[in-house]
Amino acid sequence: MPMPPLLLVLDLAGTFAFALNGALTAVREARIDIVGVVTLGMITAVGGGIIRDVLLGAVPPAAFVDWRYLTVAAAGGLLAFLFAGRLNRFASAIDVLDAAGLALFAVTGAGKALAFGAGPLQAIILGAVTGVGGGTMRDVLIRKVPGVLSSGLYAIPALVGAALVAVGESVEVGPVLGVPVAVGAAAVCFLIRVVGLHYGLDAPRPPGTDRAGSPGPGADGN
Amino acid sequence: MPMPPLLLVLDLAGTFAFALNGALTAVREARIDIVGVVTLGMITAVGGGIIRDVLLGAVPPAAFVDWRYLTVAAAGGLLAFLFAGRLNRFASAIDVLDAAGLALFAVTGAGKALAFGAGPLQAIILGAVTGVGGGTMRDVLIRKVPGVLSSGLYAIPALVGAALVAVGESVEVGPVLGVPVAVGAAAVCFLIRVVGLHYGLDAPRPPGTDRAGSPGPGADGN
Amino acid sequence: MPMPPLLLVLDLAGTFAFALNGALTAVREARIDIVGVVTLGMITAVGGGIIRDVLLGAVPPAAFVDWRYLTVAAAGGLLAFLFAGRLNRFASAIDVLDAAGLALFAVTGAGKALAFGAGPLQAIILGAVTGVGGGTMRDVLIRKVPGVLSSGLYAIPALVGAALVAVGESVEVGPVLGVPVAVGAAAVCFLIRVVGLHYGLDAPRPPGTDRAGSPGPGADGN
């Protein structure tokens, strides 16, 4: 996987944003020590890609082959440990960075799955898993029902971004992910996520459960 | 793994039953949206087989090689999302379907492990994991102590079914799972599960903990 | 991996100690039946090594290749099931055994990672994962924030032991883990763990969160 330099820089930036945001969430939600903060930041950042690579049989996973991923992820987690109080003031900016990371991971995840011979359905799922898998693992470890299953628009933009990659690949020629397709898919994923954040949109709930004790969007604590 | 057509149909039916039952359980126990319901149904259906395949080194897992598994699992989850209220009336019928899925998964899981060269002890464990792994992952994601660890007879019929396969294979000749052994093992697993459901049987608890705050079988909420 | 006999005996002893301690913890913290106790003991004992082997691509994992690991782990879990009440009296002795298991697993885990071509950073992480991964999986299954993330010194001695192996290997010659390095690294890991246990030491918490509702070390329930 000799990655083009721009993609590598973007991938490391996404890893850093995920680690920072993941670790800050963990600090807010659970009583954990430095090991917990850094570990949960790292898991948020590289967990989704590791699940994708294990399911593709692409082991050791990319995060374990190139030491820069683990280093950048650890740095993001450590920064969150040291400056959690001050960084929480920049929550909106970090959310936007995180949305960029989600877009990037969903698109590159689907692209890697296709490059390893997965079909379009599998590539869509593995792209979304790359984007949301790490945060889900973090939430399980801090004993939270994963946000991706219960509220907000997080999986849906990832699925849409990954699906655009799968569709784009099927009409394009060539073995590598085309740049226009990748950029377009990532932009759509990013936009849906940011619009969802801004308006507090939620995915539909099972019919008949919406009224039962739910005062409205945003009230997803249980 | 060119599977005989009858086994493929049974396997897809088991996948559908697991996805439906898994998603209905998730709707009852947690406040989740459409992404959560469908995802948890799919994880219940294919999670155990994925763990088995990863541990056998048979990657990509079967569920990612043949698109019909993920499609059938997603359909089961979507049906649960749309008709959760009405389907809960058929809970007993769905439980029986689920028991059939458990029997099938335990037997085919143990058979696949043996076919990949695993020893009998490993095949028993991997057969049981195929049957109970997906539901365990679902329970962890909705923040429940997995039912398989705490109440009811669920792992035990799976272990018995898988053990019968391992014993049967060791006395038989031939590289593939013999049909009489498979049918007999699945029938025994299914019967233990259904009898356990009907009489509300539980596996033994650690000595000295039975009285402590336990009003009796069925009262396993904590 | 033809292991020297002494290392095999030590590894099986560590597996037994982890299973016993892991199952006793599970009995204390959750209402589970015999399947749960034995399963959680086995997961505590072999879970970390399985994660390491899956991430290294060394599948099937060692625990599934040599039946003695699963057997010894099941025996530890069963013993905990039968004698939970009486064994709790020996909690300190079992904690020391567990510390020895942690030291052994961290050191052999890092050694195996290096032998499979992992870099030093990855070997340190995979050594620590070998030591703490199984207990983390157990805690998630019984719905506890994993102790390793929140309190006590558990990951830190494992990281130090694994780091000493990685450093030792980089200055030594030869393809296998040198005995002096391994023994020294294990001893340091064991000592830090036992001293941490004895004095109730905790890793640092995020600045500003220490005072908030924390009456002091040892009060880590939430």
# chains A, B, ... in the order shown; residues from 1 in each chain; ligands from 1
call {"tool": "interface_residues", "arguments": {"of": "chain A", "to": "chain C", "cutoff": "6 Å", "atoms": "only C-alpha atoms", "output": "MDAnalysis selection string"}}
result
chainID A and resid 32:36 59:60 81 142
call {"tool": "write_last_selection", "arguments": {"atoms": "C-alpha atoms", "output": "compact mmCIF listing (two decimals), in the first residue's frame"}}
result
# COMPACT_ATOMS: atom_id res chain seq x y z
CA ILE A 32 -10.38 7.17 33.90
CA ASP A 33 -6.66 7.67 34.40
CA ILE A 34 -3.88 8.58 31.95
CA VAL A 35 -3.72 5.02 30.64
CA GLY A 36 -7.44 5.09 30.00
CA VAL A 59 -3.04 -8.32 8.78
CA PRO A 60 -1.05 -6.95 10.45
CA PHE A 81 -5.21 14.18 28.84
CA ILE A 142 -16.65 3.34 28.94
call {"tool": "select_by_dssp", "arguments": {"residues": "segment 24-214 of chain A", "states": "alpha helix (DSSP H)", "output": "VMD selection string"}}
result
chain A and resid 24 to 29 34 to 56 62 to 65 67 to 87 91 to 115 120 to 141 147 to 150 155 to 171 179 to 199
call {"tool": "residues_around", "arguments": {"residues": "segment 186-200 of chain C", "least_positions_apart": "5", "cutoff": "7 Å", "atoms": "only C-alpha atoms", "output": "CSV table (one decimal) with N, CA, C and O atoms, in the first residue's frame"}}
result
chain,number,residue,atom,x,y,z
C,96,VAL,N,-1.0,-11.9,43.8
C,96,VAL,CA,0.4,-12.0,43.5
C,96,VAL,C,0.7,-13.0,42.3
C,96,VAL,O,1.5,-12.7,41.4
C,99,ALA,N,-0.1,-11.1,39.3
C,99,ALA,CA,0.9,-10.2,38.9
C,99,ALA,C,2.0,-11.0,38.2
C,99,ALA,O,2.6,-10.4,37.2
C,100,ALA,N,2.3,-12.2,38.6
C,100,ALA,CA,3.3,-13.0,37.9
C,100,ALA,C,2.9,-13.3,36.5
C,100,ALA,O,3.6,-13.3,35.5
C,103,ALA,N,3.3,-10.2,34.3
C,103,ALA,CA,4.7,-10.1,33.9
C,103,ALA,C,5.1,-11.0,32.8
C,103,ALA,O,5.7,-10.6,31.8
C,104,LEU,N,4.7,-12.3,33.0
C,104,LEU,CA,5.0,-13.3,32.0
C,104,LEU,C,4.4,-13.0,30.6
C,104,LEU,O,5.0,-13.1,29.6
C,107,VAL,N,5.9,-9.9,28.8
C,107,VAL,CA,7.2,-10.2,28.2
C,107,VAL,C,7.1,-11.2,27.1
C,107,VAL,O,7.7,-10.9,26.0
C,152,GLY,N,-5.6,1.8,39.7
C,152,GLY,CA,-4.5,0.9,39.9
C,152,GLY,C,-3.4,1.0,38.9
C,152,GLY,O,-3.5,1.7,37.9
C,153,LEU,N,-2.3,0.3,39.1
C,153,LEU,CA,-1.2,0.2,38.2
C,153,LEU,C,-1.3,-1.2,37.6
C,153,LEU,O,-0.8,-2.2,38.2
C,154,TYR,N,-1.8,-1.3,36.4
C,154,TYR,CA,-1.9,-2.6,35.7
C,154,TYR,C,-1.3,-2.5,34.3
C,154,TYR,O,-0.5,-3.3,34.0
C,157,PRO,N,2.9,-1.3,34.5
C,157,PRO,CA,3.9,-2.4,34.6
C,157,PRO,C,4.0,-3.2,33.3
C,157,PRO,O,5.1,-3.6,32.9
C,158,ALA,N,2.9,-3.5,32.7
C,158,ALA,CA,2.9,-4.3,31.5
C,158,ALA,C,3.6,-3.6,30.4
C,158,ALA,O,4.5,-4.1,29.7
C,160,VAL,N,5.9,-1.2,30.8
C,160,VAL,CA,7.3,-1.1,31.2
C,160,VAL,C,8.0,-2.5,30.8
C,160,VAL,O,9.1,-2.5,30.2
C,161,GLY,N,7.4,-3.6,31.2
C,161,GLY,CA,8.0,-4.9,31.0
C,161,GLY,C,8.2,-5.1,29.5
C,161,GLY,O,9.3,-5.5,29.0
C,217,PRO,N,-7.5,7.4,46.7
C,217,PRO,CA,-7.2,6.2,46.0
C,217,PRO,C,-8.0,5.0,46.6
C,217,PRO,O,-8.4,5.0,47.8
C,218,GLY,N,-8.4,4.1,45.8
C,218,GLY,CA,-9.2,2.9,46.2
C,218,GLY,C,-10.6,3.1,46.0
C,218,GLY,O,-11.4,2.2,46.0
call {"tool": "residues_around", "arguments": {"residues": "Val9 of chain B", "least_positions_apart": "4", "cutoff": "12 Å", "atoms": "only C-alpha atoms", "output": "JSON, numbers by chain"}}
result
{"B": [3, 4, 5, 13, 14, 15, 16, 68, 69, 72, 101, 104]}
call {"tool": "residues_around", "arguments": {"residues": "Ile94 of chain A", "least_positions_apart": "2", "cutoff": "12 Å", "atoms": "only C-alpha atoms", "output": "VMD selection string"}}
result
chain A and resid 14 16 to 25 76 80 87 to 92 96 to 101 194
call {"tool": "atom_distance", "arguments": {"atom1": "atom CA of Val27 of chain C", "atom2": "atom CA of Ala84 of chain C"}}
result
7.3 Å
call {"tool": "atom_distance", "arguments": {"atom1": "atom CA of Ala93 of chain B", "atom2": "atom CA of Glu29 of chain B"}}
result
19.4 Å
call {"tool": "atom_distance", "arguments": {"atom1": "atom CA of Arg138 of chain A", "atom2": "atom CA of Thr44 of chain A"}}
result
5.9 Å
call {"tool": "residues_around", "arguments": {"residues": "Gly131 of chain B", "least_positions_apart": "6", "cutoff": "6 Å", "atoms": "only C-alpha atoms", "output": "CSV table (one decimal) with all heavy atoms, in the first residue's frame"}}
result
chain,number,residue,atom,x,y,z
B,102,LEU,N,-29.8,-21.5,16.3
B,102,LEU,CA,-28.7,-21.8,17.3
B,102,LEU,C,-28.2,-23.2,17.0
B,102,LEU,O,-26.9,-23.5,16.9
B,102,LEU,CB,-29.2,-21.8,18.7
B,102,LEU,CG,-28.2,-22.2,19.8
B,102,LEU,CD1,-27.2,-21.1,19.9
B,102,LEU,CD2,-28.9,-22.4,21.1
B,105,PHE,N,-26.2,-23.2,13.6
B,105,PHE,CA,-25.0,-22.5,13.7
B,105,PHE,C,-23.9,-23.3,14.5
B,105,PHE,O,-22.7,-23.3,14.2
B,105,PHE,CB,-25.2,-21.1,14.3
B,105,PHE,CG,-25.7,-20.1,13.3
B,105,PHE,CD1,-26.3,-20.5,12.2
B,105,PHE,CD2,-25.6,-18.7,13.6
B,105,PHE,CE1,-26.8,-19.6,11.3
B,105,PHE,CE2,-26.1,-17.8,12.7
B,105,PHE,CZ,-26.7,-18.2,11.5
B,106,ALA,N,-24.4,-23.9,15.6
B,106,ALA,CA,-23.4,-24.6,16.5
B,106,ALA,C,-22.9,-25.8,15.7
B,106,ALA,O,-21.7,-26.1,15.7
B,106,ALA,CB,-24.1,-25.1,17.7
call {"tool": "decode", "arguments": {"residues": "segment 126-162 of chain C", "atoms": "C-alpha atoms", "output": "PDB file, in the first residue's frame"}}
result
ATOM      1  CA  LEU C 126       1.065  -5.864  21.811  1.00  0.00           C
ATOM      2  CA  GLY C 127       2.959  -7.021  24.914  1.00  0.00           C
ATOM      3  CA  ALA C 128       0.741  -4.852  27.100  1.00  0.00           C
ATOM      4  CA  VAL C 129      -2.357  -6.051  25.204  1.00  0.00           C
ATOM      5  CA  THR C 130      -1.335  -9.666  25.870  1.00  0.00           C
ATOM      6  CA  GLY C 131      -1.219  -8.862  29.575  1.00  0.00           C
ATOM      7  CA  VAL C 132      -4.328  -6.740  29.950  1.00  0.00           C
ATOM      8  CA  GLY C 133      -6.559  -7.647  26.981  1.00  0.00           C
ATOM      9  CA  GLY C 134      -8.281 -10.656  28.518  1.00  0.00           C
ATOM     10  CA  GLY C 135      -9.233  -8.879  31.727  1.00  0.00           C
ATOM     11  CA  THR C 136     -10.513  -5.942  29.691  1.00  0.00           C
ATOM     12  CA  MET C 137     -12.769  -8.236  27.651  1.00  0.00           C
ATOM     13  CA  ARG C 138     -14.072  -9.794  30.878  1.00  0.00           C
ATOM     14  CA  ASP C 139     -14.847  -6.384  32.368  1.00  0.00           C
ATOM     15  CA  VAL C 140     -16.724  -5.312  29.237  1.00  0.00           C
ATOM     16  CA  LEU C 141     -18.780  -8.518  29.327  1.00  0.00           C
ATOM     17  CA  ILE C 142     -19.793  -7.994  32.969  1.00  0.00           C
ATOM     18  CA  ARG C 143     -20.562  -4.350  32.244  1.00  0.00           C
ATOM     19  CA  LYS C 144     -17.743  -2.740  34.163  1.00  0.00           C
ATOM     20  CA  VAL C 145     -15.490   0.095  33.060  1.00  0.00           C
ATOM     21  CA  PRO C 146     -12.274  -1.932  32.665  1.00  0.00           C
ATOM     22  CA  GLY C 147     -10.089  -1.538  35.741  1.00  0.00           C
ATOM     23  CA  VAL C 148      -7.049  -1.154  33.529  1.00  0.00           C
ATOM     24  CA  LEU C 149      -8.440   2.150  32.189  1.00  0.00           C
ATOM     25  CA  SER C 150      -9.545   3.640  35.448  1.00  0.00           C
ATOM     26  CA  SER C 151      -7.536   2.672  38.515  1.00  0.00           C
ATOM     27  CA  GLY C 152      -4.527   0.871  39.909  1.00  0.00           C
ATOM     28  CA  LEU C 153      -1.235   0.198  38.185  1.00  0.00           C
ATOM     29  CA  TYR C 154      -1.908  -2.593  35.738  1.00  0.00           C
ATOM     30  CA  ALA C 155      -1.173  -1.370  32.222  1.00  0.00           C
ATOM     31  CA  ILE C 156       1.885   0.596  33.291  1.00  0.00           C
ATOM     32  CA  PRO C 157       3.937  -2.363  34.604  1.00  0.00           C
ATOM     33  CA  ALA C 158       2.907  -4.312  31.495  1.00  0.00           C
ATOM     34  CA  LEU C 159       4.065  -1.446  29.246  1.00  0.00           C
ATOM     35  CA  VAL C 160       7.342  -1.133  31.157  1.00  0.00           C
ATOM     36  CA  GLY C 161       8.010  -4.883  30.965  1.00  0.00           C
ATOM     37  CA  ALA C 162       7.234  -4.972  27.253  1.00  0.00           C
TER      38      ALA C 162
END
